[in-house]
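Enquirer: What follows is protein14.txt, made up of compact mmCIF, C-alpha atoms and all ligand atoms:
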# COMPACT_ATOMS: atom_id res chain seq x y z
CA MET V 1 -63.31 51.61 -58.64
CA ILE V 2 -60.45 51.57 -61.13
CA SER V 3 -57.49 53.89 -60.65
CA VAL V 4 -55.36 54.58 -63.69
CA LEU V 5 -51.93 55.92 -62.76
CA GLY V 6 -50.40 57.81 -65.65
CA ALA V 7 -52.40 60.33 -67.66
CA GLY V 8 -50.71 59.95 -71.01
CA ALA V 9 -52.50 58.88 -74.16
CA PHE V 10 -52.99 55.28 -73.11
CA GLY V 11 -53.99 55.84 -69.49
CA THR V 12 -56.47 58.50 -70.55
CA ALA V 13 -57.93 56.31 -73.31
CA VAL V 14 -58.43 53.35 -70.97
CA ALA V 15 -59.93 55.60 -68.29
CA VAL V 16 -62.37 57.05 -70.82
CA SER V 17 -63.32 53.63 -72.17
CA LEU V 18 -63.91 52.14 -68.71
CA ALA V 19 -65.86 55.21 -67.56
CA ARG V 20 -68.14 55.05 -70.61
CA ASN V 21 -68.91 51.50 -69.53
CA GLY V 22 -70.32 52.91 -66.30
CA GLY V 23 -67.58 52.48 -63.69
CA SER V 24 -65.96 55.14 -61.51
CA VAL V 25 -62.43 55.83 -62.67
CA GLN V 26 -59.63 57.85 -61.12
CA LEU V 27 -56.91 59.23 -63.40
CA TRP V 28 -53.69 60.13 -61.61
CA ALA V 29 -50.93 62.26 -63.08
CA HIS V 30 -47.60 62.95 -61.41
CA ASP V 31 -47.63 66.59 -62.46
CA PRO V 32 -50.16 68.73 -60.48
CA ALA V 33 -50.38 71.21 -63.37
CA HIS V 34 -51.44 68.37 -65.66
CA VAL V 35 -54.13 67.30 -63.17
CA GLU V 36 -55.42 70.87 -62.98
CA ALA V 37 -55.49 71.08 -66.79
CA LEU V 38 -57.47 67.82 -66.95
CA ARG V 39 -59.94 69.18 -64.39
CA GLN V 40 -60.37 72.47 -66.20
CA ALA V 41 -60.52 71.26 -69.80
CA ARG V 42 -62.11 67.84 -69.11
CA GLU V 43 -59.84 66.67 -71.90
CA ASN V 44 -56.20 65.55 -72.19
CA VAL V 45 -55.31 68.31 -74.60
CA LEU V 46 -51.64 67.37 -74.90
CA ARG V 47 -51.75 63.57 -75.25
CA LEU V 48 -55.29 62.67 -76.36
CA PRO V 49 -56.92 65.77 -77.86
CA GLY V 50 -60.54 65.75 -78.96
CA VAL V 51 -61.71 63.12 -76.47
CA PRO V 52 -63.88 64.54 -73.65
CA LEU V 53 -63.43 63.00 -70.20
CA PRO V 54 -66.75 61.52 -69.02
CA ASP V 55 -68.06 62.94 -65.72
CA ASN V 56 -67.14 59.74 -63.90
CA VAL V 57 -63.41 60.18 -64.64
CA GLU V 58 -61.87 61.96 -61.67
CA PRO V 59 -58.37 63.43 -62.19
CA ILE V 60 -56.33 63.07 -58.97
CA GLU V 61 -52.87 64.19 -57.92
CA ARG V 62 -52.45 62.31 -54.61
CA LEU V 63 -51.91 58.56 -54.44
CA ASP V 64 -53.42 58.78 -50.93
CA ASP V 65 -56.78 59.27 -52.66
CA VAL V 66 -56.68 55.82 -54.28
CA PRO V 67 -59.07 53.67 -52.21
CA PRO V 68 -57.90 50.30 -50.85
CA GLU V 69 -60.34 48.31 -52.99
CA ALA V 70 -59.36 49.96 -56.30
CA VAL V 71 -57.80 47.99 -59.12
CA ILE V 72 -54.67 49.93 -60.07
CA LEU V 73 -53.55 50.24 -63.71
CA LEU V 74 -49.99 51.49 -64.19
CA ALA V 75 -49.99 53.39 -67.50
CA VAL V 76 -46.70 55.25 -67.17
CA PRO V 77 -43.75 54.95 -69.59
CA MET V 78 -41.58 51.90 -68.85
CA GLN V 79 -38.50 53.85 -67.79
CA THR V 80 -40.50 55.62 -65.05
CA LEU V 81 -42.25 52.53 -63.65
CA ARG V 82 -39.52 51.41 -61.26
CA HIS V 83 -39.18 54.89 -59.77
CA LEU V 84 -42.95 55.25 -59.36
CA LEU V 85 -43.11 51.94 -57.50
CA GLN V 86 -40.02 52.49 -55.38
CA ASP V 87 -40.82 56.09 -54.45
CA ASN V 88 -44.40 55.27 -53.46
CA ALA V 89 -44.07 51.67 -52.26
CA GLU V 90 -46.35 52.25 -49.24
CA HIS V 91 -49.27 52.84 -51.63
CA PHE V 92 -48.78 49.58 -53.48
CA LEU V 93 -48.29 46.97 -50.75
CA ALA V 94 -50.36 43.79 -51.30
CA ARG V 95 -52.32 45.45 -54.15
CA THR V 96 -53.25 44.08 -57.56
CA LEU V 97 -51.15 46.12 -59.99
CA VAL V 98 -51.87 45.90 -63.72
CA ALA V 99 -49.00 47.17 -65.85
CA CYS V 100 -50.01 48.80 -69.13
CA CYS V 101 -46.51 49.71 -70.24
CA LYS V 102 -44.47 48.01 -72.94
CA GLY V 103 -40.74 47.84 -72.50
CA MET V 104 -37.74 46.64 -70.54
CA ASP V 105 -36.08 48.63 -67.78
CA LEU V 106 -32.71 50.00 -68.83
CA LYS V 107 -31.09 49.37 -65.46
CA THR V 108 -32.47 45.94 -64.61
CA HIS V 109 -33.22 44.59 -68.13
CA VAL V 110 -36.59 43.20 -67.05
CA GLY V 111 -40.15 43.96 -68.11
CA PRO V 112 -43.00 45.59 -66.19
CA VAL V 113 -44.35 42.46 -64.45
CA GLN V 114 -40.92 41.52 -63.13
CA THR V 115 -40.34 45.16 -62.16
CA ILE V 116 -43.52 45.12 -60.06
CA SER V 117 -42.47 41.85 -58.40
CA ASP V 118 -39.00 43.22 -57.69
CA CYS V 119 -40.17 46.57 -56.31
CA VAL V 120 -43.31 45.46 -54.45
CA PRO V 121 -42.96 41.74 -53.64
CA THR V 122 -46.31 41.68 -51.80
CA ALA V 123 -48.26 42.93 -54.83
CA MET V 124 -50.07 40.71 -57.34
CA PRO V 125 -48.71 41.79 -60.74
CA ALA V 126 -50.61 41.57 -64.02
CA ILE V 127 -50.23 43.10 -67.45
CA LEU V 128 -52.69 44.45 -70.00
CA THR V 129 -51.11 44.47 -73.43
CA GLY V 130 -51.76 43.87 -77.12
CA PRO V 131 -52.52 45.74 -80.35
CA SER V 132 -54.34 48.93 -79.42
CA PHE V 133 -53.69 52.53 -80.30
CA ALA V 134 -54.89 54.86 -77.56
CA ALA V 135 -56.93 56.86 -80.08
CA ASP V 136 -58.71 53.71 -81.30
CA ILE V 137 -59.69 52.76 -77.75
CA ALA V 138 -60.77 56.32 -76.98
CA HIS V 139 -62.92 56.48 -80.09
CA GLY V 140 -64.64 53.25 -79.19
CA LEU V 141 -63.24 51.26 -82.11
CA PRO V 142 -63.14 47.47 -81.65
CA THR V 143 -59.98 46.35 -79.85
CA ALA V 144 -58.74 43.08 -78.35
CA LEU V 145 -56.10 42.84 -75.65
CA THR V 146 -54.41 40.23 -73.49
CA LEU V 147 -54.60 40.28 -69.70
CA ALA V 148 -51.87 38.18 -68.14
CA CYS V 149 -51.79 37.28 -64.45
CA ARG V 150 -50.19 34.24 -62.86
CA ASP V 151 -53.12 33.85 -60.47
CA GLU V 152 -56.08 32.51 -62.46
CA ARG V 153 -58.70 33.76 -60.04
CA VAL V 154 -57.32 37.30 -60.01
CA GLY V 155 -56.83 37.19 -63.79
CA LYS V 156 -60.45 36.19 -64.38
CA ALA V 157 -61.71 38.96 -62.10
CA LEU V 158 -59.55 41.51 -63.97
CA GLN V 159 -60.74 40.19 -67.32
CA GLN V 160 -64.33 40.80 -66.21
CA SER V 161 -63.79 44.25 -64.76
CA LEU V 162 -61.69 45.61 -67.65
CA THR V 163 -63.79 44.28 -70.54
CA THR V 164 -66.11 46.77 -72.24
CA PRO V 165 -68.40 46.36 -75.29
CA ASN V 166 -65.57 47.58 -77.57
CA LEU V 167 -62.61 46.21 -75.65
CA ARG V 168 -62.45 42.43 -75.68
CA ILE V 169 -59.97 40.96 -73.24
CA TYR V 170 -58.40 37.53 -73.55
CA ARG V 171 -56.62 36.01 -70.56
CA THR V 172 -53.46 34.04 -69.95
CA THR V 173 -51.29 33.14 -66.97
CA ASP V 174 -48.14 33.61 -69.07
CA THR V 175 -46.94 37.01 -67.86
CA ILE V 176 -43.45 36.43 -69.26
CA GLY V 177 -44.68 35.95 -72.81
CA ALA V 178 -47.09 38.86 -72.56
CA GLU V 179 -44.57 41.34 -71.20
CA LEU V 180 -41.79 40.33 -73.61
CA GLY V 181 -44.03 40.35 -76.68
CA GLY V 182 -45.18 43.89 -75.92
CA ALA V 183 -41.67 45.09 -75.17
CA LEU V 184 -39.74 43.53 -78.05
CA LYS V 185 -42.22 44.31 -80.83
CA ASN V 186 -41.39 48.01 -80.41
CA VAL V 187 -37.76 47.37 -81.32
CA ILE V 188 -38.78 45.53 -84.48
CA ALA V 189 -41.23 48.36 -85.29
CA ILE V 190 -38.35 50.86 -85.20
CA ALA V 191 -36.39 48.62 -87.59
CA CYS V 192 -39.39 48.39 -89.93
CA GLY V 193 -39.81 52.15 -89.86
CA VAL V 194 -36.16 52.52 -90.80
CA VAL V 195 -36.42 50.27 -93.87
CA ILE V 196 -39.57 52.01 -95.08
CA GLY V 197 -38.08 55.46 -94.39
CA ALA V 198 -34.93 54.50 -96.28
CA ARG V 199 -37.08 53.17 -99.17
CA LEU V 200 -35.73 49.64 -98.86
CA GLY V 201 -39.14 48.19 -99.64
CA ASP V 202 -42.06 46.22 -98.26
CA SER V 203 -40.26 42.92 -98.86
CA ALA V 204 -37.50 44.01 -96.50
CA ARG V 205 -40.14 44.96 -93.92
CA ALA V 206 -41.81 41.55 -94.19
CA ALA V 207 -38.43 39.88 -93.71
CA LEU V 208 -37.70 42.03 -90.66
CA MET V 209 -41.11 41.30 -89.13
CA THR V 210 -40.61 37.57 -89.61
CA ARG V 211 -37.03 37.41 -88.40
CA GLY V 212 -37.93 39.88 -85.65
CA TYR V 213 -40.66 37.54 -84.51
CA ALA V 214 -38.09 34.71 -84.44
CA GLU V 215 -35.88 36.90 -82.27
CA MET V 216 -38.75 37.78 -79.91
CA GLN V 217 -39.57 34.09 -79.57
CA ARG V 218 -35.96 33.14 -78.95
CA MET V 219 -35.70 35.41 -75.93
CA ALA V 220 -39.19 34.80 -74.61
CA LEU V 221 -39.05 30.99 -74.83
CA ARG V 222 -35.64 30.98 -73.20
CA LEU V 223 -37.14 32.92 -70.29
CA GLY V 224 -40.04 30.49 -69.91
CA ALA V 225 -42.80 31.99 -72.08
CA LYS V 226 -45.30 29.82 -73.94
CA PRO V 227 -45.09 29.88 -77.75
CA GLU V 228 -48.85 30.46 -78.02
CA THR V 229 -48.55 33.71 -76.09
CA LEU V 230 -46.05 35.02 -78.62
CA ALA V 231 -48.39 33.94 -81.41
CA GLY V 232 -51.25 35.82 -79.76
CA LEU V 233 -52.36 39.41 -79.38
CA SER V 234 -49.48 40.50 -77.15
CA GLY V 235 -46.84 39.17 -79.57
CA PHE V 236 -47.76 38.63 -83.21
CA GLY V 237 -50.84 40.85 -82.95
CA ASP V 238 -49.01 43.88 -81.63
CA LEU V 239 -46.03 43.26 -83.92
CA ALA V 240 -48.35 43.34 -86.93
CA LEU V 241 -50.00 46.59 -85.83
CA THR V 242 -46.88 48.45 -84.82
CA CYS V 243 -44.73 47.45 -87.79
CA THR V 244 -47.31 48.43 -90.39
CA SER V 245 -49.01 51.60 -89.14
CA GLU V 246 -47.90 55.20 -88.99
CA GLY V 247 -50.17 55.40 -85.94
CA SER V 248 -47.23 53.85 -84.09
CA ARG V 249 -44.70 56.23 -82.55
CA ASN V 250 -42.00 53.55 -82.67
CA PHE V 251 -42.62 53.03 -86.38
CA ARG V 252 -42.68 56.79 -87.03
CA PHE V 253 -39.44 57.21 -85.09
CA GLY V 254 -37.87 54.55 -87.32
CA LEU V 255 -39.24 56.30 -90.41
CA SER V 256 -37.50 59.52 -89.35
CA LEU V 257 -34.25 57.65 -88.73
CA GLY V 258 -34.48 56.03 -92.16
CA GLN V 259 -35.14 59.40 -93.79
CA GLY V 260 -32.37 61.10 -91.81
CA GLU V 261 -34.92 63.49 -90.29
CA PRO V 262 -35.06 64.67 -86.65
CA PHE V 263 -37.80 63.31 -84.37
CA ASP V 264 -39.66 65.13 -81.57
CA THR V 265 -37.92 64.13 -78.34
CA ASP V 266 -41.14 64.69 -76.32
CA VAL V 267 -42.79 61.72 -78.02
CA THR V 268 -42.68 58.46 -76.07
CA VAL V 269 -40.69 55.86 -78.05
CA GLU V 270 -40.43 52.82 -75.79
CA GLY V 271 -38.44 50.74 -78.28
CA ALA V 272 -35.32 52.90 -78.06
CA ALA V 273 -34.48 52.15 -74.43
CA THR V 274 -35.87 48.64 -74.78
CA ALA V 275 -33.49 47.83 -77.65
CA ARG V 276 -30.54 48.57 -75.37
CA ALA V 277 -32.03 46.71 -72.40
CA ALA V 278 -32.99 43.70 -74.54
CA LEU V 279 -29.56 43.52 -76.14
CA ALA V 280 -27.90 43.57 -72.71
CA ARG V 281 -30.26 40.80 -71.53
CA ALA V 282 -29.61 38.77 -74.69
CA ARG V 283 -25.88 38.99 -74.06
CA GLU V 284 -26.38 37.88 -70.44
CA LEU V 285 -28.39 34.90 -71.72
CA GLY V 286 -26.07 34.16 -74.65
CA ILE V 287 -28.80 34.38 -77.28
CA GLU V 288 -28.64 35.95 -80.71
CA MET V 289 -30.77 39.04 -81.39
CA PRO V 290 -29.23 40.52 -84.53
CA ILE V 291 -32.06 42.94 -85.37
CA THR V 292 -32.06 44.31 -81.83
CA GLY V 293 -28.27 44.61 -82.15
CA ALA V 294 -28.56 46.50 -85.43
CA VAL V 295 -31.21 48.88 -84.04
CA THR V 296 -29.05 49.57 -80.98
CA ALA V 297 -25.96 50.22 -83.10
CA LEU V 298 -27.98 52.61 -85.28
CA LEU V 299 -29.41 54.46 -82.25
CA ASP V 300 -25.94 54.75 -80.73
CA GLY V 301 -24.59 56.21 -83.97
CA GLN V 302 -22.15 53.34 -84.45
CA VAL V 303 -23.52 52.56 -87.92
CA ASP V 304 -25.68 54.25 -90.54
CA VAL V 305 -28.77 52.68 -92.11
CA ARG V 306 -26.89 51.01 -94.95
CA GLN V 307 -24.31 49.56 -92.56
CA ALA V 308 -27.09 48.34 -90.25
CA MET V 309 -28.69 46.49 -93.18
CA ASP V 310 -25.31 45.07 -94.18
CA MET V 311 -24.85 43.82 -90.60
CA LEU V 312 -28.06 41.80 -91.01
CA LEU V 313 -27.54 40.64 -94.60
CA SER V 314 -23.92 39.55 -94.19
CA ARG V 315 -24.60 37.17 -91.30
CA PRO V 316 -23.67 33.51 -91.90
CA LEU V 317 -26.34 31.60 -93.82
CA LYS V 318 -28.46 29.39 -91.58
CA ASP V 319 -31.57 27.20 -91.45
CA GLU V 320 -34.88 28.93 -90.95
N1 LIG V 401 -50.31 55.36 -76.76
C1 LIG V 401 -50.67 54.14 -77.12
O1 LIG V 401 -51.34 53.96 -78.17
C2 LIG V 401 -50.32 52.97 -76.28
C3 LIG V 401 -49.39 53.05 -75.26
N2 LIG V 401 -49.09 51.95 -74.53
C4 LIG V 401 -48.07 52.01 -73.49
O2 LIG V 401 -48.49 52.86 -72.44
C5 LIG V 401 -47.33 53.40 -71.81
C6 LIG V 401 -47.55 54.90 -71.65
O3 LIG V 401 -47.58 55.42 -72.96
P1 LIG V 401 -48.48 56.63 -73.40
O4 LIG V 401 -49.62 56.84 -72.49
O5 LIG V 401 -48.78 56.47 -74.82
O6 LIG V 401 -47.43 57.82 -73.22
P2 LIG V 401 -47.61 59.36 -73.43
O7 LIG V 401 -46.37 59.84 -74.06
O8 LIG V 401 -48.90 59.69 -74.08
O9 LIG V 401 -47.68 59.92 -71.96
C7 LIG V 401 -46.73 59.61 -71.02
C8 LIG V 401 -47.24 60.15 -69.72
O10 LIG V 401 -46.38 59.73 -68.68
C9 LIG V 401 -46.26 60.80 -67.79
N3 LIG V 401 -45.03 60.65 -67.04
C10 LIG V 401 -43.80 61.02 -67.44
N4 LIG V 401 -42.92 60.79 -66.45
C11 LIG V 401 -43.62 60.28 -65.41
C12 LIG V 401 -43.28 59.87 -64.11
N5 LIG V 401 -42.02 59.94 -63.67
N6 LIG V 401 -44.24 59.39 -63.32
C13 LIG V 401 -45.51 59.32 -63.76
N7 LIG V 401 -45.91 59.71 -64.99
C14 LIG V 401 -44.96 60.19 -65.80
C15 LIG V 401 -46.28 62.03 -68.66
O11 LIG V 401 -46.68 63.13 -67.93
C16 LIG V 401 -47.28 61.67 -69.72
O12 LIG V 401 -48.54 62.12 -69.37
C17 LIG V 401 -46.13 53.05 -72.70
O13 LIG V 401 -45.40 52.01 -72.13
C18 LIG V 401 -46.78 52.61 -74.00
O14 LIG V 401 -46.00 51.64 -74.67
C19 LIG V 401 -49.71 50.78 -74.72
C20 LIG V 401 -50.65 50.64 -75.71
C21 LIG V 401 -51.00 51.71 -76.57
O1 LIG V 402 -48.26 49.72 -78.40
C1 LIG V 402 -48.89 50.34 -79.19
C2 LIG V 402 -49.98 49.76 -79.99
O2 LIG V 402 -50.35 48.50 -79.51
C3 LIG V 402 -48.58 51.76 -79.44
O3 LIG V 402 -47.45 51.79 -80.21
P1 LIG V 402 -46.46 53.03 -80.16
O4 LIG V 402 -45.98 53.15 -78.73
O5 LIG V 402 -45.40 52.69 -81.12
O6 LIG V 402 -47.25 54.24 -80.57
So, in terms of structure tokens, how does the structure I just supplied come out?

Expert:
Amino acid sequence: MISVLGAGAFGTAVAVSLARNGGSVQLWAHDPAHVEALRQARENVLRLPGVPLPDNVEPIERLDDVPPEAVILLAVPMQTLRHLLQDNAEHFLARTLVACCKGMDLKTHVGPVQTISDCVPTAMPAILTGPSFAADIAHGLPTALTLACRDERVGKALQQSLTTPNLRIYRTTDTIGAELGGALKNVIAIACGVVIGARLGDSARAALMTRGYAEMQRMALRLGAKPETLAGLSGFGDLALTCTSEGSRNFRFGLSLGQGEPFDTDVTVEGAATARAALARARELGIEMPITGAVTALLDGQVDVRQAMDMLLSRPLKDE
């Protein structure tokens, strides 16, 4: 049994994909009305329209209904993860918990794996991350992800149980690299959206992706990540997808900023909070993250797009 907690686009897509592969899947949502709507429509009309829920996906509203042997996937937005874990700690003790969220907590400045460890020290944390739009997974398109778990045995078991014919899962023990790659690429995707929205050109985007990758590496390596993790699916792979596709909400949010257009506040944009959390963490660590700084200044209204670009271009010249 796999229990997916969080019935947004991603949780629903993963539940559908795993169920099509034959397993029993629970799909929990925090809002009882949402659970009822899933039961009635057999579709997540709001977040993943047009994808029927297979019969073996069971929408649930009580965490009590999650059986003790279930693998739990946490597919909630990053800024709700800590509250979910703290408010329901009794349900998570000594469990294997696989985070599917990408971001850093605004209060603690850490990613989802560290958040699990902090909130439920008896749990075995893991993370499933990498380049994958929910719609692509739901439509059965080929996708490859990274599963990171410090415990090799648990990681291998998760890799087996979460792989499907269309979803190929690679494994690592480097949870730090995996969680930071997934979190920080969203900030760079916002920046790339801004330059495209402001018609600053594809060359500027390529520069931002490259220097953004350098920034991601700087923080991740300082915190103990392996360089190869950043070069893999959870880092470079997801950076490439999110910075180049209008399928990405972070990129689209940046586009709107660059065009001076409003953006729907109901849409999940993980990179906005993560930019602030990452910048605070970078300051604590004494490392330079100029693109993250520029995105944060733009989001906080301290600078406009042109000034944000000037902030980046006027920095002292340095070696690559
Ligand atoms: N949508 C995608 O293509 C992908 C999303 N992700 C990650 O998955 C995570 C979730 O994103 P999506 O499913 O896309 O978001 P979404 O915007 O589609 O849905 C978010 C869901 O979270 C629920 N929610 C809100 N507050 C909650 C709370 N306090 N407790 C429990 N649930 C709550 C909402 O009801 C909603 O159903 C994010 O961290 C995102 O980066 C990862 C890979 C792909
Ligand atoms: O993480 C994602 C793809 O891997 C989804 O990106 P967005 O959250 O920007 O839509």

Enquirer: Tell me, as a VMD selection string, which residues lie within 10 Å of range 6-10 of chain V, counting all atoms listed in the file; anything in the same chain fewer than 4 positions away does not count.

Expert: chain V and resid 14 to 16 27 to 31 34 to 35 38 44 to 49 59 to 60 73 to 77 81 100 to 101 132 to 135 137 to 138 268

Enquirer: Counting only C-alpha atoms, which residues sit no farther than 12 Å from the position (-27.6, 55.8, -92.6) in the file's frame? I'd like them as a PyMOL selection string.

Expert: chain V and resi 194-195+197-200+254-261+294-295+297-299+301-310

Enquirer: Please determine, counting all atoms listed in the file, which residue among V:Glu270, V:Glu36, V:Glu228, V:Asp87 has the shortest atom-to-atom distance to ligand LIG 402 (chain V).

Expert: V:Glu270

Enquirer: Could you give me, as a ChimeraX atom specification, every polymer residue with an atom at most 9 Å away from an atom of ligand LIG 402 (chain V), counting all atoms listed in the file?

Expert: /V:10,101-102,129-134,145,182-183,185-186,189-190,234,237-239,241-243,245-253,268-271

Enquirer: Could those residues be written to a file, using C-alpha atoms, as a short mmCIF file (atom, residue, chain, number, x, y, z; two decimals), in the coordinates of the input?

Expert:
data_model
loop_
_atom_site.label_atom_id
_atom_site.label_comp_id
_atom_site.auth_asym_id
_atom_site.auth_seq_id
_atom_site.Cartn_x
_atom_site.Cartn_y
_atom_site.Cartn_z
CA PHE V 10 -52.99 55.28 -73.11
CA CYS V 101 -46.51 49.71 -70.24
CA LYS V 102 -44.47 48.01 -72.94
CA THR V 129 -51.11 44.47 -73.43
CA GLY V 130 -51.76 43.87 -77.12
CA PRO V 131 -52.52 45.74 -80.35
CA SER V 132 -54.34 48.93 -79.42
CA PHE V 133 -53.69 52.53 -80.30
CA ALA V 134 -54.89 54.86 -77.56
CA LEU V 145 -56.10 42.84 -75.65
CA GLY V 182 -45.18 43.89 -75.92
CA ALA V 183 -41.67 45.09 -75.17
CA LYS V 185 -42.22 44.31 -80.83
CA ASN V 186 -41.39 48.01 -80.41
CA ALA V 189 -41.23 48.36 -85.29
CA ILE V 190 -38.35 50.86 -85.20
CA SER V 234 -49.48 40.50 -77.15
CA GLY V 237 -50.84 40.85 -82.95
CA ASP V 238 -49.01 43.88 -81.63
CA LEU V 239 -46.03 43.26 -83.92
CA LEU V 241 -50.00 46.59 -85.83
CA THR V 242 -46.88 48.45 -84.82
CA CYS V 243 -44.73 47.45 -87.79
CA SER V 245 -49.01 51.60 -89.14
CA GLU V 246 -47.90 55.20 -88.99
CA GLY V 247 -50.17 55.40 -85.94
CA SER V 248 -47.23 53.85 -84.09
CA ARG V 249 -44.70 56.23 -82.55
CA ASN V 250 -42.00 53.55 -82.67
CA PHE V 251 -42.62 53.03 -86.38
CA ARG V 252 -42.68 56.79 -87.03
CA PHE V 253 -39.44 57.21 -85.09
CA THR V 268 -42.68 58.46 -76.07
CA VAL V 269 -40.69 55.86 -78.05
CA GLU V 270 -40.43 52.82 -75.79
CA GLY V 271 -38.44 50.74 -78.28
#

Enquirer: Atom O4 of ligand LIG 401 (chain V) to CA of Gly11 in chain V: how many Å, to one decimal?

Expert: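 CA of Gly11 in chain V lies 5.4 Å from atom O4 of ligand LIG 401 (chain V).
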
Enquirer: Edge lengths and centre in Å to one decimal, as JSON, of the axis-aligned box that encloses all listed atoms of range 232-243 of chain V with 5 Å added on every side?

Expert:
{"center_x": -48.5, "center_y": 42.1, "center_z": -82.5, "size_x": 17.6, "size_y": 22.6, "size_z": 20.6}

Enquirer: Which residue gives the smallest distance to ligand LIG 401 (chain V) among V:Ala41, V:Ile116, V:Ala99, V:Val71, with all atoms listed in the file counted?

Expert: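 The answer is V:Ala99, which sits nearest to ligand LIG 401 (chain V).
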